[in-house]
$ cat data.pdb   # PDB, C-alpha atoms
ATOM      1  CA  GLN A   1       0.000   0.000   0.000
ATOM      2  CA  VAL A   2       1.384   3.354  -1.021
ATOM      3  CA  GLN A   3       1.854   6.000   1.621
ATOM      4  CA  LEU A   4       2.986   9.568   1.207
ATOM      5  CA  VAL A   5       4.118  11.514   4.253
ATOM      6  CA  GLU A   6       4.862  15.237   4.051
ATOM      7  CA  SER A   7       6.960  17.286   6.435
ATOM      8  CA  GLY A   8       8.762  20.604   6.585
ATOM      9  CA  GLY A   9       5.930  23.083   6.707
ATOM     10  CA  GLY A  10       5.892  26.003   9.103
ATOM     11  CA  SER A  11       5.463  29.721   9.536
ATOM     12  CA  VAL A  12       7.786  32.201   7.869
ATOM     13  CA  GLN A  13       7.848  35.856   6.970
ATOM     14  CA  ALA A  14       7.449  37.029   3.418
ATOM     15  CA  GLY A  15      10.656  36.570   1.480
ATOM     16  CA  GLY A  16      11.623  33.515   3.486
ATOM     17  CA  SER A  17      12.001  29.909   2.431
ATOM     18  CA  LEU A  18      11.018  26.427   3.496
ATOM     19  CA  ARG A  19      11.969  22.978   2.272
ATOM     20  CA  LEU A  20       9.102  20.535   2.139
ATOM     21  CA  SER A  21       9.735  16.801   2.007
ATOM     22  CA  CYS A  22       7.522  13.898   1.031
ATOM     23  CA  GLY A  23       8.472  10.328   1.881
ATOM     24  CA  VAL A  24       7.164   7.701  -0.534
ATOM     25  CA  PHE A  25       6.553   4.356   1.131
ATOM     26  CA  GLY A  26       5.448   1.067  -0.371
ATOM     27  CA  TYR A  27       5.757   2.100  -3.994
ATOM     28  CA  THR A  28       8.354   2.804  -6.607
ATOM     29  CA  TYR A  29       6.968   5.308  -9.007
ATOM     30  CA  SER A  30       8.920   4.011 -11.914
ATOM     31  CA  SER A  31       6.758   5.362 -14.685
ATOM     32  CA  TYR A  32       4.087   7.564 -13.177
ATOM     33  CA  CYS A  33       3.566  11.130 -12.140
ATOM     34  CA  VAL A  34       4.185  12.637  -8.732
ATOM     35  CA  GLY A  35       3.697  16.172  -7.649
ATOM     36  CA  TRP A  36       3.015  18.901  -5.125
ATOM     37  CA  PHE A  37      -0.334  20.589  -4.760
ATOM     38  CA  ARG A  38      -1.742  23.155  -2.362
ATOM     39  CA  GLN A  39      -5.112  24.168  -1.057
ATOM     40  CA  VAL A  40      -6.548  27.091   0.827
ATOM     41  CA  PRO A  41      -9.813  26.548   2.731
ATOM     42  CA  GLY A  42     -12.755  27.327   0.507
ATOM     43  CA  LYS A  43     -10.735  27.096  -2.686
ATOM     44  CA  GLU A  44      -9.944  24.292  -5.085
ATOM     45  CA  ARG A  45      -6.732  22.348  -4.774
ATOM     46  CA  GLU A  46      -4.172  23.618  -7.281
ATOM     47  CA  GLY A  47      -1.073  22.151  -8.816
ATOM     48  CA  VAL A  48       2.287  23.570  -7.802
ATOM     49  CA  ALA A  49       4.861  21.304  -9.428
ATOM     50  CA  VAL A  50       4.806  17.876 -11.011
ATOM     51  CA  ILE A  51       7.355  15.501 -12.459
ATOM     52  CA  PHE A  52       7.371  12.295 -14.412
ATOM     53  CA  SER A  53       9.444   9.777 -12.498
ATOM     54  CA  GLY A  54      11.652   9.005 -15.473
ATOM     55  CA  SER A  55      12.407  12.658 -16.088
ATOM     56  CA  ASP A  56      14.588  15.291 -14.483
ATOM     57  CA  THR A  57      12.364  18.109 -15.708
ATOM     58  CA  PRO A  58       9.613  19.305 -13.405
ATOM     59  CA  TYR A  59       6.708  21.431 -14.558
ATOM     60  CA  TYR A  60       5.626  24.361 -12.421
ATOM     61  CA  SER A  61       2.561  26.495 -12.131
ATOM     62  CA  ASP A  62       3.096  30.060 -13.272
ATOM     63  CA  SER A  63       2.516  31.301  -9.732
ATOM     64  CA  VAL A  64       5.610  29.553  -8.359
ATOM     65  CA  LYS A  65       7.883  29.345 -11.387
ATOM     66  CA  GLY A  66      11.299  30.765 -10.581
ATOM     67  CA  ARG A  67      10.695  30.608  -6.823
ATOM     68  CA  PHE A  68      10.078  26.920  -6.100
ATOM     69  CA  THR A  69      12.228  23.946  -7.043
ATOM     70  CA  PHE A  70      10.942  20.382  -7.180
ATOM     71  CA  SER A  71      13.431  17.559  -6.875
ATOM     72  CA  GLN A  72      13.624  13.894  -5.935
ATOM     73  CA  ASN A  73      16.362  11.751  -4.489
ATOM     74  CA  ASN A  74      18.122   9.158  -6.617
ATOM     75  CA  ALA A  75      16.244   6.284  -5.009
ATOM     76  CA  LYS A  76      12.947   8.061  -5.749
ATOM     77  CA  THR A  77      11.813   7.560  -2.195
ATOM     78  CA  THR A  78      11.684  11.222  -1.264
ATOM     79  CA  LEU A  79      10.306  14.261  -3.035
ATOM     80  CA  TYR A  80      11.380  17.762  -2.139
ATOM     81  CA  LEU A  81       9.865  21.170  -2.731
ATOM     82  CA  GLN A  82      12.319  23.957  -2.017
ATOM     83  CA  THR A  83      10.379  27.176  -1.680
ATOM     84  CA  SER A  84      11.925  30.631  -1.705
ATOM     85  CA  SER A  85      10.805  34.260  -1.928
ATOM     86  CA  LEU A  86       7.623  33.184  -0.212
ATOM     87  CA  ARG A  87       4.609  35.450  -0.401
ATOM     88  CA  PRO A  88       1.518  35.641   1.802
ATOM     89  CA  GLU A  89      -0.494  34.206  -1.086
ATOM     90  CA  ASP A  90       1.617  31.030  -0.866
ATOM     91  CA  THR A  91      -0.062  30.292   2.454
ATOM     92  CA  ALA A  92      -1.825  26.936   2.082
ATOM     93  CA  MET A  93      -1.828  23.287   3.027
ATOM     94  CA  TYR A  94       0.710  21.604   0.770
ATOM     95  CA  TYR A  95       0.179  18.026  -0.342
ATOM     96  CA  CYS A  96       2.269  15.568  -2.290
ATOM     97  CA  ALA A  97       0.460  13.192  -4.567
ATOM     98  CA  ALA A  98       1.052  10.287  -6.891
ATOM     99  CA  ASP A  99      -0.876   8.916  -9.819
ATOM    100  CA  THR A 100      -0.373   5.160  -9.618
ATOM    101  CA  ILE A 101      -3.085   4.321 -12.124
ATOM    102  CA  HIS A 102      -2.498   6.176 -15.355
ATOM    103  CA  PRO A 103       0.656   5.640 -17.363
ATOM    104  CA  TYR A 104       2.115   8.695 -19.016
ATOM    105  CA  PRO A 105       4.265   7.376 -21.840
ATOM    106  CA  GLY A 106       4.896  10.884 -23.083
ATOM    107  CA  GLY A 107       5.975  12.028 -19.656
ATOM    108  CA  ALA A 108       3.588  14.986 -19.584
ATOM    109  CA  CYS A 109       2.234  15.048 -16.057
ATOM    110  CA  PRO A 110      -0.933  17.029 -15.400
ATOM    111  CA  LEU A 111      -0.913  19.978 -13.000
ATOM    112  CA  ILE A 112      -4.538  19.349 -12.072
ATOM    113  CA  PRO A 113      -5.300  17.208  -9.013
ATOM    114  CA  GLN A 114      -8.029  14.986 -10.439
ATOM    115  CA  PRO A 115      -5.887  12.174 -11.942
ATOM    116  CA  TYR A 116      -3.833  11.733  -8.781
ATOM    117  CA  ASN A 117      -5.169   8.894  -6.652
ATOM    118  CA  THR A 118      -2.775   8.829  -3.705
ATOM    119  CA  TRP A 119      -2.317  11.769  -1.334
ATOM    120  CA  GLY A 120      -0.369  12.598   1.767
ATOM    121  CA  GLN A 121      -1.902  14.207   4.830
ATOM    122  CA  GLY A 122      -0.502  17.640   4.011
ATOM    123  CA  THR A 123       1.830  20.089   5.679
ATOM    124  CA  GLN A 124       0.832  23.669   6.450
ATOM    125  CA  VAL A 125       2.808  26.622   5.110
ATOM    126  CA  THR A 126       1.961  30.033   6.530
ATOM    127  CA  VAL A 127       3.611  33.178   5.189
ATOM    128  CA  SER A 128       3.141  36.434   7.056
ATOM    129  CA  SER A 129       3.644  39.885   5.581
TER     130      SER A 129
END

$ encode --input "data.pdb" --output "structure tokens"
Amino acid sequence: QVQLVESGGGSVQAGGSLRLSCGVFGYTYSSYCVGWFRQVPGKEREGVAVIFSGSDTPYYSDSVKGRFTFSQNNAKTTLYLQTSSLRPEDTAMYYCAADTIHPYPGGACPLIPQPYNTWGQGTQVTVSS
């Protein structure tokens, strides 16, 4: 059974940074998509960054491009989201997710949450102005 466990959230001032981690247990995402999403209460969950496991090229939402960096360790057991130049509007619950159902032979992972079937419990990021 696949489990995703996030950590690293916290409270920072605007302009600060945090490194979020996501441990992947019970699954090797050899040819599927994994990613980071975030959600503010009352709003839809939105994609932040996604990557195809066989690729070194993440895709980012326009809102975080240039400020966040998505990476994974060589064993593909941990995902990282390095955030920087944080803004109050980045405040949200951050989730990592995996799509263990749909193959993506072209490696184009979606930035929408619907295809992703496995989710972590989330880690809160709060940015104060």

$ closest_residue --input "data.pdb" --among "A:Ser84, A:Gly54, A:Gln114, A:Gln124" --to "Pro41 of chain A" --atoms "only C-alpha atoms"
A:Gln124

$ resolve_selection --input "data.pdb" --expression "the PyMOL selection byres ((chain A and resi 35-40) around 10)" --output "PyMOL selection string"
chain A and resi 20+22+33-34+41-53+58-61+70-71+79-81+89-99+109-113+116+119-120+122-125

$ closest_residue --input "data.pdb" --among "A:Ser55, A:Asn73, A:Ser21, A:Thr126" --to "Gly107 of chain A" --atoms "only C-alpha atoms"
A:Ser55

$ atom_distance --input "data.pdb" --atom1 "atom CA of Arg87 of chain A" --atom2 "atom CA of Gly15 of chain A"
6.4 Å

$ atom_distance --input "data.pdb" --atom1 "atom CA of Gln72 of chain A" --atom2 "atom CA of Leu18 of chain A"
15.9 Å

$ residues_near_point --input "data.pdb" --point "(9.2, 34.9, 3.7)" --cutoff "7 Å" --atoms "all atoms listed in the file" --output "JSON, numbers by chain"
{"A": [12, 13, 14, 15, 16, 17, 85, 86, 87, 127]}

$ atom_distance --input "data.pdb" --atom1 "atom CA of Gly10 of chain A" --atom2 "atom CA of Pro115 of chain A"
27.8 Å

$ closest_residue --input "data.pdb" --among "A:Gly26, A:Pro105, A:Gly66, A:Pro88" --to "Ser128 of chain A" --atoms "all atoms listed in the file"
A:Pro88

$ closest_residue --input "data.pdb" --among "A:Ile101, A:Gly9, A:Tyr27, A:Ala108" --to "Thr57 of chain A" --atoms "all atoms listed in the file"
A:Ala108

$ resolve_selection --input "data.pdb" --expression "the PyMOL selection byres ((chain A and resi 82) around 6)" --output "number ranges by chain"
A: 19, 68-69, 81, 83

$ closest_residue --input "data.pdb" --among "A:Val24, A:Gly106, A:Asp56, A:Asn117" --to "Val2 of chain A" --atoms "only C-alpha atoms"
A:Val24

$ closest_residue --input "data.pdb" --among "A:Thr77, A:Gln121, A:Thr100, A:Ser129" --to "Gln1 of chain A" --atoms "all atoms listed in the file"
A:Thr100

$ build_atoms --input "data.pdb" --residues "segment 79-100 of chain A" --atoms "N, CA and C atoms" --output "compact mmCIF listing (two decimals), keeping the file's coordinate frame"
# COMPACT_ATOMS: atom_id res chain seq x y z
N LEU A 79 10.50 13.09 -2.18
CA LEU A 79 10.31 14.26 -3.04
C LEU A 79 10.57 15.50 -2.20
N TYR A 80 11.10 16.52 -2.84
CA TYR A 80 11.38 17.76 -2.14
C TYR A 80 10.75 18.94 -2.90
N LEU A 81 10.30 19.91 -2.14
CA LEU A 81 9.86 21.17 -2.73
C LEU A 81 10.58 22.28 -1.97
N GLN A 82 11.60 22.83 -2.60
CA GLN A 82 12.32 23.96 -2.02
C GLN A 82 11.60 25.23 -2.41
N THR A 83 11.09 25.93 -1.41
CA THR A 83 10.38 27.18 -1.68
C THR A 83 11.27 28.35 -1.29
N SER A 84 11.18 29.43 -2.03
CA SER A 84 11.92 30.63 -1.70
C SER A 84 11.11 31.86 -2.11
N SER A 85 11.53 33.01 -1.64
CA SER A 85 10.80 34.26 -1.93
C SER A 85 9.32 34.09 -1.67
N LEU A 86 9.02 33.48 -0.53
CA LEU A 86 7.62 33.18 -0.21
C LEU A 86 6.80 34.45 -0.05
N ARG A 87 5.56 34.34 -0.46
CA ARG A 87 4.61 35.45 -0.40
C ARG A 87 3.42 35.04 0.46
N PRO A 88 2.71 36.00 1.02
CA PRO A 88 1.52 35.64 1.80
C PRO A 88 0.53 34.79 1.01
N GLU A 89 0.44 35.00 -0.28
CA GLU A 89 -0.49 34.21 -1.09
C GLU A 89 -0.04 32.76 -1.29
N ASP A 90 1.16 32.42 -0.84
CA ASP A 90 1.62 31.03 -0.87
C ASP A 90 1.11 30.25 0.34
N THR A 91 0.49 30.95 1.28
CA THR A 91 -0.06 30.29 2.45
C THR A 91 -1.11 29.27 2.05
N ALA A 92 -0.92 28.03 2.47
CA ALA A 92 -1.82 26.94 2.08
C ALA A 92 -1.38 25.65 2.77
N MET A 93 -2.22 24.65 2.68
CA MET A 93 -1.83 23.29 3.03
C MET A 93 -1.20 22.69 1.76
N TYR A 94 -0.01 22.18 1.90
CA TYR A 94 0.71 21.60 0.77
C TYR A 94 0.65 20.08 0.85
N TYR A 95 0.31 19.47 -0.27
CA TYR A 95 0.18 18.03 -0.34
C TYR A 95 1.10 17.47 -1.43
N CYS A 96 1.66 16.29 -1.18
CA CYS A 96 2.27 15.57 -2.29
C CYS A 96 1.29 14.48 -2.74
N ALA A 97 1.41 14.12 -3.97
CA ALA A 97 0.46 13.19 -4.57
C ALA A 97 1.14 12.35 -5.62
N ALA A 98 0.55 11.19 -5.85
CA ALA A 98 1.05 10.29 -6.89
C ALA A 98 -0.12 9.75 -7.69
N ASP A 99 0.10 9.59 -8.96
CA ASP A 99 -0.88 8.92 -9.82
C ASP A 99 -0.32 7.54 -10.12
N THR A 100 -0.87 6.53 -9.45
CA THR A 100 -0.37 5.16 -9.62
C THR A 100 -1.24 4.35 -10.57
